[in-house]
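Asker: So here's my_file_35.cif, just mmCIF, C-alpha atoms:
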```cif
data_model
#
loop_
_atom_site.label_atom_id
_atom_site.label_comp_id
_atom_site.auth_asym_id
_atom_site.auth_seq_id
_atom_site.Cartn_x
_atom_site.Cartn_y
_atom_site.Cartn_z
CA MET A 1 0.00 0.00 0.00
CA ASP A 2 1.33 3.38 -1.02
CA SER A 3 1.24 6.15 1.50
CA ILE A 4 0.79 9.84 1.06
CA PRO A 5 4.03 11.77 1.54
CA ASP A 6 4.31 14.58 4.00
CA MET A 7 3.26 17.67 2.10
CA ASP A 8 5.89 19.86 3.64
CA ASP A 9 8.45 19.16 6.32
CA SER A 10 9.83 22.67 6.57
CA PRO A 11 8.54 25.76 8.38
CA ASN A 12 8.25 27.76 5.15
CA SER A 13 5.13 26.35 3.71
CA ALA A 14 3.76 28.81 1.25
CA GLU A 15 4.91 26.97 -1.86
CA HIS A 16 5.46 23.42 -0.66
CA THR A 17 3.06 20.86 -2.14
CA ILE A 18 2.29 17.16 -2.38
CA GLN A 19 4.84 15.99 -4.94
CA ASN A 20 3.44 12.77 -6.36
CA HIS A 21 0.95 13.32 -9.18
CA ASN A 22 -0.28 9.74 -9.42
CA LEU A 23 -0.43 8.69 -5.78
CA ILE A 24 -3.20 6.27 -4.81
CA MET A 25 -3.92 5.94 -1.13
CA THR A 26 -6.16 3.19 0.23
CA THR A 27 -7.04 2.94 3.88
CA ALA A 28 -9.35 0.72 5.86
CA GLY A 29 -11.27 1.27 9.03
CA MET A 30 -11.65 5.03 8.72
CA MET A 31 -13.33 6.11 11.93
CA MET A 32 -16.13 8.59 11.51
CA ASN A 33 -18.56 10.06 14.00
CA SER A 34 -21.23 7.61 12.89
CA GLY A 35 -18.96 4.58 13.37
CA ALA A 36 -16.25 2.59 11.65
CA ALA A 37 -16.31 2.17 7.89
CA SER A 38 -13.96 0.76 5.32
CA SER A 39 -13.27 2.98 2.36
CA GLY A 40 -10.67 3.73 -0.22
CA VAL A 41 -9.64 7.30 -0.75
CA THR A 42 -7.77 8.42 -3.79
CA LEU A 43 -5.51 11.31 -2.95
CA ALA A 44 -3.72 13.56 -5.34
CA ALA A 45 -5.84 13.00 -8.45
CA SER A 46 -3.88 12.03 -11.51
CA ALA A 47 -2.69 14.90 -13.67
CA SER A 48 -3.03 14.83 -17.42
CA SER A 49 -0.60 12.48 -19.12
CA SER A 50 -0.03 14.85 -22.00
CA SER A 51 2.95 17.15 -21.82
CA SER A 52 2.11 20.59 -20.50
CA SER A 53 2.19 23.44 -22.96
CA PRO A 54 3.78 26.81 -22.20
CA GLY A 55 0.32 28.23 -21.62
CA SER A 56 -0.73 25.56 -19.12
CA SER A 57 -1.73 26.34 -15.56
CA SER A 58 0.92 27.09 -13.03
CA ARG A 59 2.17 24.56 -10.51
CA TYR A 60 0.05 26.21 -7.86
CA GLU A 61 -3.12 25.93 -9.94
CA ASN A 62 -2.44 22.27 -10.71
CA GLN A 63 -1.85 21.49 -7.05
CA LYS A 64 -4.96 23.40 -6.03
CA ARG A 65 -7.05 21.37 -8.48
CA ARG A 66 -5.63 18.10 -7.15
CA ASP A 67 -6.29 19.15 -3.56
CA TRP A 68 -9.86 20.05 -4.43
CA ASN A 69 -10.43 16.67 -6.09
CA THR A 70 -8.86 14.98 -3.08
CA PHE A 71 -11.23 16.67 -0.65
CA GLY A 72 -14.20 15.89 -2.87
CA GLN A 73 -13.22 12.23 -2.87
CA TYR A 74 -12.91 12.33 0.90
CA LEU A 75 -16.47 13.65 1.20
CA LYS A 76 -17.77 10.87 -1.05
CA ASN A 77 -16.08 8.21 1.09
CA HIS A 78 -17.37 9.74 4.30
CA ARG A 79 -19.91 7.70 6.23
CA PRO A 80 -22.51 8.92 5.63
CA PRO A 81 -21.43 10.67 2.40
CA LEU A 82 -21.33 14.45 2.66
CA SER A 83 -22.25 17.08 0.13
CA LEU A 84 -20.13 20.19 -0.13
CA SER A 85 -23.08 22.35 0.90
CA ARG A 86 -23.26 20.48 4.23
CA CYS A 87 -19.53 20.59 4.86
CA SER A 88 -18.53 22.61 7.93
CA GLY A 89 -15.35 23.57 9.70
CA ALA A 90 -15.73 20.44 11.85
CA HIS A 91 -15.51 18.26 8.74
CA VAL A 92 -12.40 20.14 7.60
CA LEU A 93 -10.77 19.41 10.97
CA GLU A 94 -11.73 15.75 10.59
CA PHE A 95 -10.03 15.75 7.18
CA LEU A 96 -6.83 17.32 8.56
CA ARG A 97 -6.62 14.81 11.41
CA TYR A 98 -7.21 12.02 8.94
CA LEU A 99 -4.21 13.17 6.89
CA ASP A 100 -1.98 13.02 9.95
CA GLN A 101 -1.65 9.25 9.61
CA PHE A 102 0.28 9.81 6.36
CA GLY A 103 2.63 12.46 7.75
CA LYS A 104 6.40 12.11 7.88
CA THR A 105 7.22 14.85 10.35
CA LYS A 106 8.43 13.63 13.74
CA VAL A 107 6.61 15.48 16.50
CA HIS A 108 8.18 14.77 19.89
CA THR A 109 6.06 14.30 22.99
CA PRO A 110 6.91 16.24 26.19
CA ILE A 111 8.30 13.08 27.82
CA CYS A 112 10.68 12.43 24.91
CA PRO A 113 14.34 13.28 25.68
CA PHE A 114 14.50 15.00 22.28
CA TYR A 115 11.54 17.28 22.95
CA GLY A 116 12.42 20.71 21.59
CA HIS A 117 15.50 19.34 19.80
CA PRO A 118 15.60 20.45 16.12
CA ASN A 119 18.12 17.74 15.17
CA PRO A 120 17.68 14.64 17.35
CA PRO A 121 20.85 12.51 17.47
CA ALA A 122 18.93 9.22 17.60
CA PRO A 123 15.54 7.76 16.62
CA CYS A 124 12.61 7.82 19.00
CA PRO A 125 9.09 6.33 19.06
CA CYS A 126 7.31 9.68 18.81
CA PRO A 127 4.47 9.85 16.26
CA LEU A 128 4.72 11.13 12.71
CA ARG A 129 2.42 13.94 11.71
CA GLN A 130 1.76 16.26 8.81
CA ALA A 131 3.97 19.32 9.16
CA TRP A 132 2.18 22.51 10.11
CA GLY A 133 3.51 24.22 6.99
CA SER A 134 1.92 21.68 4.67
CA LEU A 135 -1.45 21.86 6.42
CA ASP A 136 -1.41 25.65 6.35
CA ALA A 137 -0.63 25.70 2.62
CA LEU A 138 -3.26 23.02 1.92
CA ILE A 139 -6.00 25.00 3.68
CA GLY A 140 -5.01 28.11 1.75
CA ARG A 141 -5.41 26.30 -1.58
CA LEU A 142 -8.70 24.66 -0.59
CA ARG A 143 -10.08 27.95 0.68
CA ALA A 144 -9.37 29.56 -2.70
CA ALA A 145 -10.72 26.57 -4.63
CA PHE A 146 -13.99 26.64 -2.67
CA GLU A 147 -14.77 30.17 -3.79
CA GLU A 148 -13.55 29.54 -7.33
CA ASN A 149 -16.05 26.69 -7.57
CA GLY A 150 -19.02 28.84 -6.65
CA GLY A 151 -18.86 28.83 -2.86
CA LYS A 152 -19.73 31.98 -0.95
CA PRO A 153 -16.89 33.51 1.07
CA GLU A 154 -19.06 33.81 4.18
CA ALA A 155 -19.87 30.07 3.98
CA ASN A 156 -16.30 28.92 3.32
CA PRO A 157 -15.62 26.01 5.75
CA PHE A 158 -11.86 26.30 5.19
CA GLY A 159 -11.91 29.81 6.62
CA ALA A 160 -13.86 28.84 9.72
CA ARG A 161 -12.59 30.10 13.05
CA ALA A 162 -12.22 26.54 14.34
CA VAL A 163 -9.87 25.74 11.45
CA ARG A 164 -7.74 28.82 12.10
CA LEU A 165 -7.49 27.97 15.79
CA TYR A 166 -6.54 24.38 14.99
CA LEU A 167 -3.74 25.45 12.65
CA ARG A 168 -2.47 27.87 15.28
CA GLU A 169 -2.43 25.10 17.89
CA VAL A 170 -0.58 22.75 15.53
CA ARG A 171 1.97 25.46 14.77
CA ASP A 172 2.62 26.19 18.44
CA LEU A 173 2.76 22.51 19.38
CA GLN A 174 5.17 21.59 16.61
CA SER A 175 7.28 24.68 17.23
CA LYS A 176 7.85 23.61 20.84
CA ALA A 177 8.16 19.89 20.12
CA ARG A 178 10.63 20.30 17.25
CA GLY A 179 12.50 23.32 18.53
CA ILE A 180 11.71 25.29 15.37
CA SER A 181 10.50 28.85 15.22
CA TYR A 182 7.78 29.60 12.68
CA GLU A 183 7.87 33.35 13.18
CA LYS A 184 8.24 35.25 9.96
CA LYS A 185 11.40 37.28 9.68
CA LYS A 186 10.71 40.97 9.59
CA ARG A 187 12.26 42.85 6.73
CA LYS A 188 14.71 45.47 7.79
CA ARG A 189 13.67 48.81 6.45
CA PRO A 190 16.44 50.93 4.99
CA PRO A 191 17.31 53.86 7.26
CA LEU A 192 15.59 57.07 6.33
CA PRO A 193 17.92 59.76 5.00
CA GLN A 194 18.62 62.34 7.63
CA GLN A 195 17.05 65.63 6.80
CA LEU A 196 19.21 68.68 7.38
CA PRO A 197 17.57 71.46 9.34
CA PRO A 198 16.51 74.44 7.22
CA PRO A 199 19.04 77.26 7.15
CA THR A 200 18.47 79.87 9.80
CA GLN A 201 17.58 83.31 8.61
CA HIS A 202 19.55 86.08 10.24
CA GLN A 203 17.33 88.87 11.46
CA PRO A 204 18.70 92.39 11.11
CA PRO A 205 19.55 94.07 14.39
CA PRO A 206 16.94 96.34 15.86
CA GLY A 207 16.89 99.79 14.29
CA ALA A 208 18.69 98.70 11.13
CA SER A 209 17.02 99.84 7.95
CA CYS A 210 16.99 97.99 4.68
CA GLN A 211 18.70 99.85 1.85
#
```
Could I get this structure in the form of structure tokens?

Answerer:
Amino acid sequence: MDSIPDMDDSPNSAEHTIQNHNLIMTTAGMMMNSGAASSGVTLAASASSSSSSPGSSSRYENQKRRDWNTFGQYLKNHRPPLSLSRCSGAHVLEFLRYLDQFGKTKVHTPICPFYGHPNPPAPCPCPLRQAWGSLDALIGRLRAAFEENGGKPEANPFGARAVRLYLREVRDLQSKARGISYEKKKRKRPPLPQQLPPPTQHQPPPGASCQ
């Protein structure tokens, strides 16, 4: 059985994507709120086999289309199946947690001796998860795809507050567990040129007359 690769194992996630174009993922015993169900989910829908022309969509657009197809397939395999109109932020969180089982990012637990160590010197039994960067980029693409496919911005489940809070929690947890800072570096502004004070005008002494 093939497994889905970690979408991004680095803190800088804006452009990192799932690399395999023809990756088939099958899993059994997917636990849903209504109970256990066996289903196959095809992730990363196959791209066109024809060679891309110079005017083809960008890498971002191709990845966004695959992500959208992936989420649609997930909804179909949900028990009971879900329509996009009934999808909420809770279902998006369920999808993100489901993807964790295919992650390749080691997230140390607080009891691990390597907790907070960015480069552990030895293996440990801590779980593998999807990197925060990959989840953040994935949600960004799905949020855009939802609206491009006719969804209303105010009803976008990928922009729900619960999803934002979840991503923030994952970022903070992984930052502490892996000893990696996800804070964006602030650009240093060039120093402003010092302005010289205006020249002082000498006032004529009292009683002097202008010629």

Asker: Taking only C-alpha atoms into account, name the residue in A:Lys106, A:Arg178, A:Lys152, A:Arg141 that is nearest to Cys124 (chain A).

Answerer: A:Lys106

Asker: To test your reading of the syntax: which residues would the PyMOL selection byres ((chain A and resi 125) around 9) return for the file shown? Reply as a list in words.

Answerer: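 Selected by the PyMOL selection byres ((chain A and resi 125) around 9) here: His108, Cys112, Pro123, Cys124, Cys126 and Pro127 of chain A.
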
Asker: Using all atoms listed in the file, pick whichever of A:Asn62, A:Ser83, A:Asn119, A:Ser175 has the shortest atom-to-atom distance to Ala145 (chain A).

Answerer: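 Using all atoms listed in the file, Ala145 (chain A) sits closest to A:Asn62.
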
Asker: Skipping near chain neighbours, those fewer than 5 positions away, what residues fall within 9 Å of Pro118 (chain A) using only C-alpha atoms, listed as a PyMOL selection string?

Answerer: chain A and resi 177-180

Asker: Kindly give the distance, in Å, that separates CA of Ala160 (chain A) and CA of Ser58 (chain A), rounded to a single decimal.

Answerer: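 Computing it gives 27.2 Å between the two atoms.
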
Asker: For each of A:Pro120, A:Gly103, A:Pro80, A:Pro153, take the minimum atom-to-atom distance to Gly133 (chain A), counting all atoms listed in the file, then give the residue where this is smallest.

Answerer: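 Checking each of A:Pro120, A:Gly103, A:Pro80, A:Pro153 against Gly133 (chain A), counting all atoms listed in the file, the winner is A:Gly103.
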
Asker: Enclose the full set of atoms of region 113-129 of chain A listed in the file within a box whose edges lie along x, y and z, apply 4 Å of padding to each of the six sides, and report centre and edge lengths in Å to one decimal as lines of an AutoDock Vina configuration file.

Answerer:
```
center_x = 11.6
center_y = 13.5
center_z = 18.7
size_x = 26.4
size_y = 22.4
size_z = 22.0
```

Asker: For a test of reading the model, state the distance in Å between CA of Asn156 (chain A) and CA of Arg143 (chain A), rounded to one decimal.

Answerer: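 CA of Arg143 (chain A) lies at a distance of 6.8 Å from CA of Asn156 (chain A).
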
Asker: Evaluate the PyMOL selection byres ((chain A and resi 95) around 12) here and jot the selected residues down as a PyMOL selection string.

Answerer: chain A and resi 30-32+41+43+67+70-75+77-78+87-94+96-102+130+135+138-139+142+157-158+163

Asker: CA of Glu61 (chain A) to CA of Ala144 (chain A): how many Å, to one decimal?

Answerer: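 Distance reported for this atom pair: 10.2 Å.
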
Asker: Set the distance at 10 Å and use all atoms listed in the file: which residues neighbour region 172-174 of chain A once local chain neighbours fewer than 3 positions away are removed? I'd like the list as a list in words.

Answerer: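 Once the nearby chain positions are removed, what remains is Pro11, Thr105, Lys106, Val107, His108, Thr109, Tyr115, Gly116, Arg129, Ala131, Trp132, Tyr166, Leu167, Arg168, Glu169, Ala177, Arg178, Gly179, Ile180, Ser181 and Tyr182 of chain A.
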
Asker: Compare A:Arg66, A:Arg86, A:Arg79, A:His117 by their minimum atom-to-atom distance to Lys176 (chain A), counting all atoms listed in the file, and give me the closest one.

Answerer: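 Between A:Arg66, A:Arg86, A:Arg79, A:His117, the residue approaching Lys176 (chain A) most closely is A:His117.
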